[in-house]
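Structure data (PDB, C-alpha atoms) from data18.pdb:
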```pdb
ATOM      1  CA  MET A 130       9.033 -49.083  41.624
ATOM      2  CA  THR A 131       9.269 -46.080  43.936
ATOM      3  CA  ILE A 132       8.149 -42.572  42.979
ATOM      4  CA  GLU A 133      11.797 -41.533  42.808
ATOM      5  CA  GLU A 134      12.659 -44.373  40.430
ATOM      6  CA  GLN A 135       9.698 -43.581  38.201
ATOM      7  CA  ILE A 136      10.604 -39.896  38.012
ATOM      8  CA  ARG A 137      14.227 -40.702  37.209
ATOM      9  CA  GLU A 138      13.100 -43.048  34.463
ATOM     10  CA  ILE A 139      10.758 -40.411  32.958
ATOM     11  CA  VAL A 140      13.368 -37.630  33.070
ATOM     12  CA  ALA A 141      16.053 -39.895  31.599
ATOM     13  CA  ARG A 142      13.735 -40.891  28.741
ATOM     14  CA  ILE A 143      12.841 -37.295  27.891
ATOM     15  CA  THR A 144      16.325 -35.810  28.212
ATOM     16  CA  HIS A 145      18.152 -38.794  26.681
ATOM     17  CA  VAL A 146      20.587 -39.165  29.567
ATOM     18  CA  ASP A 147      21.524 -42.253  31.521
ATOM     19  CA  GLU A 148      19.349 -42.668  34.630
ATOM     20  CA  SER A 149      22.435 -43.233  36.743
ATOM     21  CA  ILE A 150      23.542 -39.608  36.409
ATOM     22  CA  ILE A 151      20.265 -38.285  37.858
ATOM     23  CA  THR A 152      20.544 -37.997  41.639
ATOM     24  CA  ARG A 153      18.455 -36.047  44.146
ATOM     25  CA  GLU A 154      21.171 -33.395  44.100
ATOM     26  CA  SER A 155      21.358 -32.958  40.315
ATOM     27  CA  THR A 156      19.661 -30.100  38.521
ATOM     28  CA  PHE A 157      18.025 -29.878  35.107
ATOM     29  CA  LYS A 158      20.890 -27.602  34.084
ATOM     30  CA  GLU A 159      23.507 -30.187  35.054
ATOM     31  CA  ILE A 160      21.907 -32.860  32.869
ATOM     32  CA  LYS A 161      21.678 -30.267  30.048
ATOM     33  CA  ALA A 162      17.887 -30.210  29.925
ATOM     34  CA  ASP A 163      16.422 -27.232  28.032
ATOM     35  CA  SER A 164      13.150 -25.471  28.802
ATOM     36  CA  LEU A 165      11.193 -27.805  26.529
ATOM     37  CA  ASP A 166      12.681 -30.879  28.245
ATOM     38  CA  ILE A 167      11.591 -29.450  31.590
ATOM     39  CA  VAL A 168       8.005 -28.797  30.462
ATOM     40  CA  GLN A 169       7.779 -32.254  28.900
ATOM     41  CA  ALA A 170       9.166 -33.882  32.040
ATOM     42  CA  LEU A 171       6.647 -32.018  34.211
ATOM     43  CA  VAL A 172       3.785 -33.038  31.948
ATOM     44  CA  ALA A 173       4.906 -36.676  31.820
ATOM     45  CA  VAL A 174       5.224 -36.835  35.607
ATOM     46  CA  GLU A 175       1.824 -35.153  36.044
ATOM     47  CA  GLU A 176       0.252 -37.771  33.825
ATOM     48  CA  ALA A 177       2.094 -40.684  35.410
ATOM     49  CA  PHE A 178       0.905 -39.737  38.900
ATOM     50  CA  ASP A 179      -2.361 -37.991  38.015
ATOM     51  CA  ILE A 180      -1.387 -34.780  39.794
ATOM     52  CA  GLU A 181      -0.889 -31.156  38.743
ATOM     53  CA  ILE A 182       2.398 -29.322  39.262
ATOM     54  CA  PRO A 183       1.759 -25.591  38.818
ATOM     55  CA  ASP A 184       4.541 -23.720  36.999
ATOM     56  CA  GLU A 185       5.072 -21.430  39.982
ATOM     57  CA  GLU A 186       5.772 -24.492  42.166
ATOM     58  CA  ALA A 187       8.055 -26.074  39.561
ATOM     59  CA  GLN A 188      10.090 -22.863  39.383
ATOM     60  CA  LYS A 189      10.945 -23.301  43.075
ATOM     61  CA  PHE A 190      12.602 -26.695  42.552
ATOM     62  CA  GLN A 191      16.327 -26.325  43.214
ATOM     63  CA  ASN A 192      17.128 -29.917  42.213
ATOM     64  CA  PHE A 193      15.521 -33.289  41.512
ATOM     65  CA  GLY A 194      15.232 -33.884  45.245
ATOM     66  CA  ASP A 195      12.740 -30.985  45.465
ATOM     67  CA  PHE A 196      10.887 -32.290  42.395
ATOM     68  CA  ILE A 197      10.656 -35.804  43.827
ATOM     69  CA  SER A 198       9.587 -34.555  47.277
ATOM     70  CA  TYR A 199       6.847 -32.405  45.730
ATOM     71  CA  VAL A 200       5.441 -35.394  43.856
ATOM     72  CA  GLU A 201       5.730 -37.690  46.896
ATOM     73  CA  ASN A 202       3.828 -35.192  49.031
ATOM     74  CA  HIS A 203       1.090 -34.597  46.502
ATOM     75  CA  VAL A 204       0.554 -38.228  45.515
ATOM     76  CA  GLY A 205       0.224 -38.930  49.244
ATOM     77  CA  GLN A 206      -2.291 -36.105  49.660
ATOM     78  CA  LYS A 207      -4.422 -37.381  46.829
ATOM     79  CA  GLU A 208      -4.529 -40.894  48.276
ATOM     80  CA  LYS A 209      -5.520 -39.559  51.687
ATOM     81  CA  ALA A 210      -8.242 -37.326  50.233
TER      82      ALA A 210
ATOM     83  CA  MET B 252     -24.419  -9.127  18.022
ATOM     84  CA  SER B 253     -25.953 -11.533  20.513
ATOM     85  CA  LEU B 254     -24.561 -14.945  21.269
ATOM     86  CA  GLU B 255     -27.256 -15.738  23.793
ATOM     87  CA  GLY B 256     -27.732 -19.471  24.266
ATOM     88  CA  LYS B 257     -24.561 -20.348  22.367
ATOM     89  CA  LEU B 258     -21.847 -22.578  23.798
ATOM     90  CA  ALA B 259     -18.223 -21.676  23.086
ATOM     91  CA  LEU B 260     -15.013 -23.576  23.752
ATOM     92  CA  VAL B 261     -11.967 -21.320  24.009
ATOM     93  CA  THR B 262      -8.715 -23.264  24.200
ATOM     94  CA  GLY B 263      -6.015 -21.747  26.370
ATOM     95  CA  SER B 264      -8.342 -19.210  27.955
ATOM     96  CA  GLY B 265      -6.746 -18.800  31.366
ATOM     97  CA  ARG B 266      -4.685 -15.854  30.230
ATOM     98  CA  GLY B 267      -3.975 -13.389  27.446
ATOM     99  CA  ILE B 268      -5.952 -13.423  24.207
ATOM    100  CA  GLY B 269      -7.921 -16.545  25.153
ATOM    101  CA  ARG B 270      -9.141 -14.973  28.370
ATOM    102  CA  ALA B 271     -10.149 -11.761  26.590
ATOM    103  CA  VAL B 272     -12.041 -13.772  23.953
ATOM    104  CA  ALA B 273     -13.804 -15.839  26.623
ATOM    105  CA  LEU B 274     -14.938 -12.679  28.439
ATOM    106  CA  LYS B 275     -16.041 -10.959  25.225
ATOM    107  CA  LEU B 276     -18.133 -13.921  24.067
ATOM    108  CA  ALA B 277     -19.556 -14.254  27.590
ATOM    109  CA  SER B 278     -20.480 -10.556  27.591
ATOM    110  CA  GLN B 279     -22.557 -11.283  24.491
ATOM    111  CA  GLY B 280     -24.384 -14.113  26.217
ATOM    112  CA  ALA B 281     -22.399 -17.246  25.322
ATOM    113  CA  ASP B 282     -21.709 -19.961  27.886
ATOM    114  CA  ILE B 283     -17.992 -20.664  27.971
ATOM    115  CA  ILE B 284     -15.853 -23.766  28.296
ATOM    116  CA  VAL B 285     -12.496 -22.562  29.609
ATOM    117  CA  ASN B 286      -9.723 -24.913  28.513
ATOM    118  CA  PHE B 287      -6.284 -24.720  30.090
ATOM    119  CA  PHE B 288      -3.150 -26.812  30.355
ATOM    120  CA  ARG B 289      -0.591 -25.363  32.791
ATOM    121  CA  ARG B 290      -2.344 -22.742  34.922
ATOM    122  CA  ARG B 291      -5.463 -23.942  36.735
ATOM    123  CA  ASP B 292      -5.635 -20.852  38.964
ATOM    124  CA  ALA B 293      -5.786 -18.557  35.926
ATOM    125  CA  ALA B 294      -8.448 -20.717  34.246
ATOM    126  CA  GLU B 295     -10.583 -20.739  37.377
ATOM    127  CA  GLN B 296     -10.298 -16.958  37.567
ATOM    128  CA  THR B 297     -11.468 -16.665  33.947
ATOM    129  CA  ALA B 298     -14.397 -18.979  34.736
ATOM    130  CA  LYS B 299     -15.308 -16.874  37.774
ATOM    131  CA  ASP B 300     -15.196 -13.685  35.696
ATOM    132  CA  VAL B 301     -17.278 -15.330  32.954
ATOM    133  CA  GLU B 302     -19.916 -16.348  35.503
ATOM    134  CA  ALA B 303     -19.983 -12.803  36.873
ATOM    135  CA  LEU B 304     -21.286 -11.785  33.434
ATOM    136  CA  GLY B 305     -24.363 -13.937  34.031
ATOM    137  CA  VAL B 306     -23.517 -16.961  31.880
ATOM    138  CA  LYS B 307     -22.228 -20.448  32.640
ATOM    139  CA  ALA B 308     -18.579 -21.505  32.679
ATOM    140  CA  GLU B 309     -16.938 -24.906  32.820
ATOM    141  CA  VAL B 310     -13.207 -25.494  33.209
ATOM    142  CA  ILE B 311     -11.584 -28.406  31.361
ATOM    143  CA  ARG B 312      -7.886 -29.233  31.573
ATOM    144  CA  ALA B 313      -6.384 -30.661  28.392
ATOM    145  CA  ASN B 314      -3.056 -30.500  26.632
ATOM    146  CA  VAL B 315      -4.203 -29.928  23.051
ATOM    147  CA  GLY B 316      -0.822 -31.217  21.880
ATOM    148  CA  ASP B 317      -1.994 -34.693  22.867
ATOM    149  CA  PRO B 318      -4.716 -36.200  20.628
ATOM    150  CA  ALA B 319      -5.966 -38.430  23.457
ATOM    151  CA  LYS B 320      -6.498 -35.371  25.672
ATOM    152  CA  ILE B 321      -8.378 -33.598  22.867
ATOM    153  CA  ASP B 322     -10.627 -36.639  22.596
ATOM    154  CA  GLU B 323     -11.216 -36.663  26.359
ATOM    155  CA  MET B 324     -12.084 -32.950  26.315
ATOM    156  CA  PHE B 325     -14.608 -33.336  23.499
ATOM    157  CA  ASP B 326     -16.050 -36.498  25.073
ATOM    158  CA  THR B 327     -16.670 -34.430  28.219
ATOM    159  CA  ILE B 328     -18.284 -31.630  26.199
ATOM    160  CA  GLY B 329     -20.408 -34.168  24.298
ATOM    161  CA  ASN B 330     -21.545 -35.862  27.500
ATOM    162  CA  ASN B 331     -22.214 -32.655  29.445
ATOM    163  CA  PHE B 332     -23.735 -30.483  26.715
ATOM    164  CA  GLY B 333     -24.360 -32.636  23.636
ATOM    165  CA  HIS B 334     -23.439 -29.802  21.275
ATOM    166  CA  LEU B 335     -21.059 -26.924  20.595
ATOM    167  CA  ASP B 336     -21.644 -23.664  18.686
ATOM    168  CA  ILE B 337     -18.261 -21.949  18.708
ATOM    169  CA  LEU B 338     -14.680 -23.247  18.787
ATOM    170  CA  ILE B 339     -11.844 -20.782  19.344
ATOM    171  CA  ASN B 340      -8.442 -22.359  18.690
ATOM    172  CA  ASN B 341      -6.249 -20.116  20.792
ATOM    173  CA  ALA B 342      -3.945 -22.388  22.810
ATOM    174  CA  ALA B 343      -0.376 -22.083  21.600
ATOM    175  CA  SER B 344       3.148 -22.825  22.601
ATOM    176  CA  GLY B 345       6.520 -22.523  20.968
ATOM    177  CA  VAL B 346      10.231 -22.898  21.161
ATOM    178  CA  GLY B 347      12.178 -19.732  20.358
ATOM    179  CA  ARG B 348      15.342 -20.813  18.582
ATOM    180  CA  ALA B 349      17.404 -19.901  15.562
ATOM    181  CA  VAL B 350      16.899 -22.108  12.504
ATOM    182  CA  MET B 351      20.142 -24.025  12.987
ATOM    183  CA  ASP B 352      19.270 -24.834  16.607
ATOM    184  CA  LEU B 353      15.910 -26.396  15.847
ATOM    185  CA  ASP B 354      15.360 -30.099  16.398
ATOM    186  CA  VAL B 355      12.620 -32.673  15.903
ATOM    187  CA  LYS B 356      11.393 -32.386  19.468
ATOM    188  CA  ALA B 357      10.924 -28.607  19.271
ATOM    189  CA  TRP B 358       9.212 -28.982  15.878
ATOM    190  CA  GLU B 359       6.786 -31.660  17.060
ATOM    191  CA  TRP B 360       5.957 -29.903  20.328
ATOM    192  CA  THR B 361       5.092 -26.635  18.578
ATOM    193  CA  MET B 362       3.385 -28.058  15.509
ATOM    194  CA  ASN B 363       1.296 -30.480  17.559
ATOM    195  CA  ILE B 364      -0.031 -27.800  19.896
ATOM    196  CA  ASN B 365      -0.377 -24.946  17.411
ATOM    197  CA  ALA B 366      -1.355 -26.656  14.164
ATOM    198  CA  ARG B 367      -2.346 -30.314  14.573
ATOM    199  CA  ALA B 368      -4.661 -29.379  17.452
ATOM    200  CA  VAL B 369      -6.557 -26.985  15.166
ATOM    201  CA  LEU B 370      -7.362 -29.866  12.810
ATOM    202  CA  LEU B 371      -8.244 -32.357  15.545
ATOM    203  CA  CYS B 372     -10.352 -29.881  17.518
ATOM    204  CA  ALA B 373     -12.138 -28.740  14.347
ATOM    205  CA  GLN B 374     -12.952 -32.351  13.428
ATOM    206  CA  ARG B 375     -14.432 -33.082  16.838
ATOM    207  CA  ALA B 376     -16.171 -29.685  17.075
ATOM    208  CA  ALA B 377     -17.766 -30.095  13.632
ATOM    209  CA  LYS B 378     -19.481 -33.271  14.841
ATOM    210  CA  LEU B 379     -20.927 -31.397  17.820
ATOM    211  CA  MET B 380     -22.109 -28.656  15.421
ATOM    212  CA  GLU B 381     -23.928 -31.171  13.214
ATOM    213  CA  GLY B 382     -27.374 -29.941  12.210
ATOM    214  CA  ARG B 383     -26.958 -26.538  13.918
ATOM    215  CA  GLY B 384     -23.947 -24.954  12.221
ATOM    216  CA  GLY B 385     -21.214 -23.093  14.043
ATOM    217  CA  LYS B 386     -18.129 -20.953  14.008
ATOM    218  CA  ILE B 387     -14.490 -22.004  14.182
ATOM    219  CA  ILE B 388     -11.959 -19.208  14.683
ATOM    220  CA  SER B 389      -8.227 -19.757  15.099
ATOM    221  CA  ILE B 390      -5.664 -17.303  16.417
ATOM    222  CA  SER B 391      -2.674 -16.749  14.154
ATOM    223  CA  SER B 392       0.147 -14.235  13.992
ATOM    224  CA  LEU B 393       2.084 -12.067  11.573
ATOM    225  CA  GLY B 394       4.904 -14.605  11.912
ATOM    226  CA  SER B 395       3.020 -16.781   9.419
ATOM    227  CA  PHE B 396       4.290 -14.545   6.600
ATOM    228  CA  LEU B 397       6.827 -12.181   8.171
ATOM    229  CA  VAL B 398      10.157 -13.260   9.620
ATOM    230  CA  LEU B 399      10.511 -12.549  13.332
ATOM    231  CA  PRO B 400      13.646 -13.372  15.343
ATOM    232  CA  THR B 401      13.749 -16.974  16.696
ATOM    233  CA  TYR B 402      10.110 -17.385  15.676
ATOM    234  CA  THR B 403      10.623 -20.014  12.948
ATOM    235  CA  ILE B 404       8.596 -22.943  14.236
ATOM    236  CA  VAL B 405       5.796 -20.823  15.589
ATOM    237  CA  GLY B 406       5.649 -18.903  12.313
ATOM    238  CA  VAL B 407       5.521 -22.151  10.337
ATOM    239  CA  SER B 408       2.823 -23.526  12.637
ATOM    240  CA  LYS B 409       0.753 -20.372  12.121
ATOM    241  CA  ALA B 410       1.159 -20.631   8.346
ATOM    242  CA  ALA B 411      -0.265 -24.138   8.698
ATOM    243  CA  VAL B 412      -3.147 -22.783  10.782
ATOM    244  CA  GLU B 413      -4.014 -20.247   8.093
ATOM    245  CA  ALA B 414      -3.852 -22.842   5.302
ATOM    246  CA  LEU B 415      -5.962 -25.210   7.367
ATOM    247  CA  THR B 416      -8.456 -22.392   7.942
ATOM    248  CA  ARG B 417      -8.986 -22.141   4.172
ATOM    249  CA  TYR B 418      -9.492 -25.884   3.713
ATOM    250  CA  LEU B 419     -11.776 -26.200   6.725
ATOM    251  CA  ALA B 420     -13.806 -23.194   5.540
ATOM    252  CA  ILE B 421     -14.578 -24.894   2.236
ATOM    253  CA  GLU B 422     -15.106 -28.429   3.453
ATOM    254  CA  LEU B 423     -17.208 -27.452   6.477
ATOM    255  CA  ALA B 424     -19.293 -24.821   4.633
ATOM    256  CA  PRO B 425     -22.002 -27.362   3.683
ATOM    257  CA  LYS B 426     -22.448 -28.065   7.399
ATOM    258  CA  GLY B 427     -23.164 -24.373   8.040
ATOM    259  CA  ILE B 428     -19.839 -23.845   9.789
ATOM    260  CA  CYS B 429     -17.942 -20.569   9.220
ATOM    261  CA  VAL B 430     -14.180 -20.930   9.598
ATOM    262  CA  ASN B 431     -11.773 -17.987   9.832
ATOM    263  CA  ALA B 432      -8.600 -16.871  11.591
ATOM    264  CA  VAL B 433      -7.445 -13.693  13.283
ATOM    265  CA  ALA B 434      -3.757 -12.822  13.143
ATOM    266  CA  ALA B 435      -2.084 -10.406  15.492
ATOM    267  CA  SER B 436       1.207  -8.633  15.612
ATOM    268  CA  ALA B 437       2.845  -8.704  19.034
ATOM    269  CA  VAL B 438      -0.010  -8.486  21.545
ATOM    270  CA  GLU B 439       0.581  -6.980  24.958
ATOM    271  CA  THR B 440       0.368 -10.135  27.082
ATOM    272  CA  GLU B 441       2.430 -11.808  29.794
ATOM    273  CA  ALA B 442       4.010 -13.968  27.079
ATOM    274  CA  LEU B 443       5.175 -10.887  25.165
ATOM    275  CA  LYS B 444       6.661  -9.255  28.266
ATOM    276  CA  PHE B 445       8.667 -12.451  28.759
ATOM    277  CA  TYR B 446       9.922 -12.444  25.150
ATOM    278  CA  ILE B 447      11.027  -8.803  25.344
ATOM    279  CA  LYS B 448      12.659  -9.281  28.766
ATOM    280  CA  GLU B 449      14.594 -12.295  27.494
ATOM    281  CA  GLN B 450      15.482 -10.312  24.359
ATOM    282  CA  LEU B 451      13.850 -12.953  22.164
ATOM    283  CA  MET B 452      11.871 -10.223  20.431
ATOM    284  CA  PRO B 453      12.547  -6.550  19.708
ATOM    285  CA  ASP B 454      10.489  -4.069  21.672
ATOM    286  CA  THR B 455       8.226  -2.573  19.000
ATOM    287  CA  ARG B 456       5.744  -1.107  21.421
ATOM    288  CA  GLN B 457       6.435   2.443  20.281
ATOM    289  CA  ALA B 458       6.447   1.565  16.591
ATOM    290  CA  THR B 459       2.828   0.646  15.842
ATOM    291  CA  PRO B 460       1.228   3.124  13.406
ATOM    292  CA  ALA B 461      -2.018   3.084  15.397
ATOM    293  CA  GLY B 462      -0.085   4.608  18.277
ATOM    294  CA  ARG B 463      -0.281   1.775  20.770
ATOM    295  CA  MET B 464       0.259  -1.960  21.041
ATOM    296  CA  VAL B 465      -2.462  -4.437  20.133
ATOM    297  CA  ILE B 466      -4.138  -5.580  23.344
ATOM    298  CA  PRO B 467      -6.015  -8.866  23.854
ATOM    299  CA  GLU B 468      -9.366  -7.036  23.727
ATOM    300  CA  ASP B 469      -8.594  -5.857  20.157
ATOM    301  CA  MET B 470      -8.323  -9.509  19.158
ATOM    302  CA  ALA B 471     -11.442 -10.443  21.131
ATOM    303  CA  ASN B 472     -13.503  -7.775  19.335
ATOM    304  CA  VAL B 473     -12.660  -9.210  15.921
ATOM    305  CA  VAL B 474     -13.157 -12.795  17.050
ATOM    306  CA  ALA B 475     -16.589 -11.839  18.416
ATOM    307  CA  PHE B 476     -17.500 -10.194  15.109
ATOM    308  CA  LEU B 477     -16.476 -13.346  13.211
ATOM    309  CA  CYS B 478     -18.699 -15.335  15.581
ATOM    310  CA  SER B 479     -21.690 -13.142  14.678
ATOM    311  CA  GLU B 480     -24.130 -13.601  11.817
ATOM    312  CA  GLU B 481     -22.950 -10.258  10.376
ATOM    313  CA  ALA B 482     -19.752 -12.073   9.369
ATOM    314  CA  PHE B 483     -21.624 -14.921   7.635
ATOM    315  CA  MET B 484     -20.068 -14.271   4.222
ATOM    316  CA  ILE B 485     -16.472 -14.134   5.465
ATOM    317  CA  ARG B 486     -14.991 -17.605   4.936
ATOM    318  CA  GLY B 487     -11.484 -18.995   5.142
ATOM    319  CA  GLN B 488      -9.938 -15.584   5.771
ATOM    320  CA  THR B 489      -7.242 -14.422   8.124
ATOM    321  CA  ILE B 490      -8.075 -10.978   9.472
ATOM    322  CA  ILE B 491      -4.978  -9.049  10.543
ATOM    323  CA  VAL B 492      -5.164  -7.009  13.742
ATOM    324  CA  ASP B 493      -1.861  -5.162  14.024
ATOM    325  CA  GLY B 494      -2.556  -1.435  14.174
ATOM    326  CA  GLY B 495      -1.014  -1.066  10.717
ATOM    327  CA  THR B 496       2.345  -2.621  11.562
ATOM    328  CA  SER B 497       2.524  -5.038   8.635
ATOM    329  CA  VAL B 498       1.537  -2.569   5.905
ATOM    330  CA  GLY B 499       3.727   0.169   7.366
ATOM    331  CA  LEU B 500       6.856  -1.903   7.817
ATOM    332  CA  LEU B 501       9.160   0.297   5.752
ATOM    333  CA  THR B 502       8.105   3.359   7.693
ATOM    334  CA  LEU B 503       9.180   1.682  10.918
ATOM    335  CA  VAL B 504      12.878   1.438  10.147
ATOM    336  CA  GLY B 505      14.761   3.046  13.001
ATOM    337  CA  LYS B 506      11.689   3.444  15.202
ATOM    338  CA  GLY B 507      12.516   1.062  17.978
ATOM    339  CA  ALA B 508      12.461  -2.143  15.964
ATOM    340  CA  GLY B 509      16.232  -2.467  16.002
TER     341      GLY B 509
END
```
Will you turn the file into C-alpha cells for me?
Amino acid sequence: MTIEEQIREIVARITHVDESIITRESTFKEIKADSLDIVQALVAVEEAFDIEIPDEEAQKFQNFGDFISYVENHVGQKEKA
Amino acid sequence: MSLEGKLALVTGSGRGIGRAVALKLASQGADIIVNFFRRRDAAEQTAKDVEALGVKAEVIRANVGDPAKIDEMFDTIGNNFGHLDILINNAASGVGRAVMDLDVKAWEWTMNINARAVLLCAQRAAKLMEGRGGKIISISSLGSFLVLPTYTIVGVSKAAVEALTRYLAIELAPKGICVNAVAASAVETEALKFYIKEQLMPDTRQATPAGRMVIPEDMANVVAFLCSEEAFMIRGQTIIVDGGTSVGLLTLVGKGAG
C-alpha cells in the first residue's frame, strides 16, 4: 500500500467518509472534517509513519496533496537518516 | 521552599501554565521532565530554559489521551530515573461546542486527555513514588462549577479531575502522597487569546477584581506551594486562583463580560 493510500484510508476512517471522495485536490473542509477530525487525522498519520507533523506545517496544507507530499518527504528523510 | 533533588513530571509543559510550572519548580531546584504532544519546538525551549536554571531537563513526547503512550512515558521515566517525586497533570485539550452540538468523539477526546489521563498518570506515578512519597497536582478551571460558553465538555472533564483529586488524596495518603488541584479562571495564555479572537469566550480581562488577568506564573506559584512541605496538611483540595472573579460574579455584570 502506498503512503497516499494509507493516508486516504486513515482520513476516511476518522471522518467517516468514503475513501473514493478523497483526492489529492480535496480539502478537509470539502469532506466536512471539523477541527477535531483534523487533529485526530494528523495524530493517526504521525503514528502510522512514526513522524511528527508540527501544527505550523499542517496549517500550510492547502489540500490532501500537500498533506501526502509532506508525509512522503519526511518518511523518505527518516529512512535516509 | 526547596525542591532540590526532586524529580518532577509536568505534562503539557511546552507552553502556558505547564511551562510556567516547569520553570517555577526548576527555580526551586527540581529536575524537570517536559512532556509535550503537538509542539516539540516549544517543549525543547522549555527544557533549555529549565537547564539554564541549573537543573536537568528531559523532553518526552506523549499523547496523554492514549493509555499506551502514558505507559511508554512512565516506562521511560522508570528506566531512566527509577523514581518520581512530583506529577503535575496539566496537559489539556477540548472541543468548544454548544451542548446540542456535542458528540461521542468530542466527549471521548476531551475526557480522555483531561480526566482519564489524570487517573492513569497518577496510578503510574504513585508506583514510582513508592517508599518516598510525593505530590500530585492537577490543573483545573472554574468551568468545573461555573457555566462558560461552549465549555461544556471541558467543564465536565475538570469536574471529574476535582472529584478524582479527592479520591486520590485519600487513597494515596497512606503512601505519603499529597494530592491537590489548582483551578484558574481564564489565564492569559496563547490558548485564551485564540478563544477570545474566535469569540468562543467573552473578553473578561478588564473584569477581574484583582485588577488584572491571572497569568501562568500565578498558577505556578500556588502549584509550587502545594509541592512544598508547608502544604503537607492540604489534601484533596482545589485551590482557586482567579483574582476574585468567582466570588465577585454579581459585581461583574456589565463590566465587559457581556
Q.
To test your reading of the syntax: which residues would the PyMOL selection byres ((chain B) within 8 of (chain A)) return for the file shown? Reply as a list in words.
A.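 After applying the PyMOL selection byres ((chain B) within 8 of (chain A)), what remains is Arg289, Arg290, Arg291, Val346 and Ala357 of chain B.
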Put those residues in a file: C-alpha atoms, as a PDB file, in the coordinates of the input.
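As a result, selection-v4.pdb now contains:
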```pdb
ATOM      1  CA  ARG B 289      -0.591 -25.363  32.791  1.00  0.00           C
ATOM      2  CA  ARG B 290      -2.344 -22.742  34.922  1.00  0.00           C
ATOM      3  CA  ARG B 291      -5.463 -23.942  36.735  1.00  0.00           C
ATOM      4  CA  VAL B 346      10.231 -22.898  21.161  1.00  0.00           C
ATOM      5  CA  ALA B 357      10.924 -28.607  19.271  1.00  0.00           C
TER       6      ALA B 357
END
```
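Here atom CA of Asn341 of chain B stands at a distance of 5.9 Å from atom CA of Gly269 of chain B.
Picture a line from atom CA of Leu501 of chain B to atom CA of Gly345 of chain B; it runs 27.6 Å.
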(Q) Need the shell around segment 146-163 of chain A: protein/DNA/RNA residues with any atom at most 8 Å away, counting all atoms listed in the file. Skip same-chain ones fewer than 5 positions apart. Format as a list in words? (A)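 Those residues are Arg137, Glu138, Val140, Ala141, Gln191, Asn192, Phe193, Gly194, Asp195 and Ile197 of chain A.
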**Q.** Shell around Tyr199 of chain A at 9 Å using only C-alpha atoms, local window under 6 positions removed, as number ranges by chain
**A.** A: 182, 186-187, 190
Q: Write out as a PyMOL selection string the residues lying within 10 Å of segment 469-483 of chain B, counting only C-alpha atoms and excluding same-chain residues fewer than 6 positions away.
A: chain B and resi 252-254+259+268-277+279+336-339+385-390+427-435+438+490-494
(Q) Applying 8 Å and all atoms listed in the file, which residues near Leu379 of chain B remain after dropping the ones on its own chain fewer than 3 positions away? List them as number ranges by chain. (A) B: 329, 333-336, 375-376
Selection export as a PDB file, in the frame of the given file, atoms kept: C-alpha atoms:
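Contents of out_22.pdb, as written:
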```pdb
ATOM      1  CA  GLY B 329     -20.408 -34.168  24.298  1.00  0.00           C
ATOM      2  CA  GLY B 333     -24.360 -32.636  23.636  1.00  0.00           C
ATOM      3  CA  HIS B 334     -23.439 -29.802  21.275  1.00  0.00           C
ATOM      4  CA  LEU B 335     -21.059 -26.924  20.595  1.00  0.00           C
ATOM      5  CA  ASP B 336     -21.644 -23.664  18.686  1.00  0.00           C
ATOM      6  CA  ARG B 375     -14.432 -33.082  16.838  1.00  0.00           C
ATOM      7  CA  ALA B 376     -16.171 -29.685  17.075  1.00  0.00           C
TER       8      ALA B 376
END
```
Q.
Can you measure atom CA of Thr327 of chain B to atom CA of Val285 of chain B for me? One decimal in Å is fine.
A.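 Calculated distance between atom CA of Thr327 of chain B and atom CA of Val285 of chain B is 12.7 Å.
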(Q) To test your reading of the syntax: which residues would the PyMOL selection byres ((chain B and resi 262) around 6) return for the file shown? Reply as a ChimeraX atom specification. (A) /B:261,263-264,286,340-342
Mind writing the picked residues with C-alpha atoms as an mmCIF file, in the coordinates of the input?
```
data_model
loop_
_atom_site.group_PDB
_atom_site.id
_atom_site.type_symbol
_atom_site.label_atom_id
_atom_site.label_comp_id
_atom_site.auth_asym_id
_atom_site.auth_seq_id
_atom_site.Cartn_x
_atom_site.Cartn_y
_atom_site.Cartn_z
ATOM 1 C CA VAL B 261 -11.967 -21.320 24.009
ATOM 2 C CA GLY B 263 -6.015 -21.747 26.370
ATOM 3 C CA SER B 264 -8.342 -19.210 27.955
ATOM 4 C CA ASN B 286 -9.723 -24.913 28.513
ATOM 5 C CA ASN B 340 -8.442 -22.359 18.690
ATOM 6 C CA ASN B 341 -6.249 -20.116 20.792
ATOM 7 C CA ALA B 342 -3.945 -22.388 22.810
#
```
Q.
Please enumerate the residues selected by the PyMOL selection byres ((chain B and resi 405) around 9) when evaluated against the supplied file, formatted as a PyMOL selection string.
A. chain B and resi 343-347+358+361-362+365+392+394-395+401-404+406-410
Output C-alpha atoms for every residue in the selection just made, as a PDB file, in the frame of the given file.
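Writing done, so here's selection-v4.pdb:
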```pdb
ATOM      1  CA  ALA B 343      -0.376 -22.083  21.600  1.00  0.00           C
ATOM      2  CA  SER B 344       3.148 -22.825  22.601  1.00  0.00           C
ATOM      3  CA  GLY B 345       6.520 -22.523  20.968  1.00  0.00           C
ATOM      4  CA  VAL B 346      10.231 -22.898  21.161  1.00  0.00           C
ATOM      5  CA  GLY B 347      12.178 -19.732  20.358  1.00  0.00           C
ATOM      6  CA  TRP B 358       9.212 -28.982  15.878  1.00  0.00           C
ATOM      7  CA  THR B 361       5.092 -26.635  18.578  1.00  0.00           C
ATOM      8  CA  MET B 362       3.385 -28.058  15.509  1.00  0.00           C
ATOM      9  CA  ASN B 365      -0.377 -24.946  17.411  1.00  0.00           C
ATOM     10  CA  SER B 392       0.147 -14.235  13.992  1.00  0.00           C
ATOM     11  CA  GLY B 394       4.904 -14.605  11.912  1.00  0.00           C
ATOM     12  CA  SER B 395       3.020 -16.781   9.419  1.00  0.00           C
ATOM     13  CA  THR B 401      13.749 -16.974  16.696  1.00  0.00           C
ATOM     14  CA  TYR B 402      10.110 -17.385  15.676  1.00  0.00           C
ATOM     15  CA  THR B 403      10.623 -20.014  12.948  1.00  0.00           C
ATOM     16  CA  ILE B 404       8.596 -22.943  14.236  1.00  0.00           C
ATOM     17  CA  GLY B 406       5.649 -18.903  12.313  1.00  0.00           C
ATOM     18  CA  VAL B 407       5.521 -22.151  10.337  1.00  0.00           C
ATOM     19  CA  SER B 408       2.823 -23.526  12.637  1.00  0.00           C
ATOM     20  CA  LYS B 409       0.753 -20.372  12.121  1.00  0.00           C
ATOM     21  CA  ALA B 410       1.159 -20.631   8.346  1.00  0.00           C
TER      22      ALA B 410
END
```
Q) Around (-23.7, -27.1, 7.3) in the file's own coordinates, what residues are found within 10 Å if you use all atoms listed in the file, given back as a list in words? A) Ala377, Met380, Glu381, Gly382, Arg383, Gly384, Gly385, Glu422, Leu423, Ala424, Pro425, Lys426, Gly427, Ile428 and Cys429 of chain B
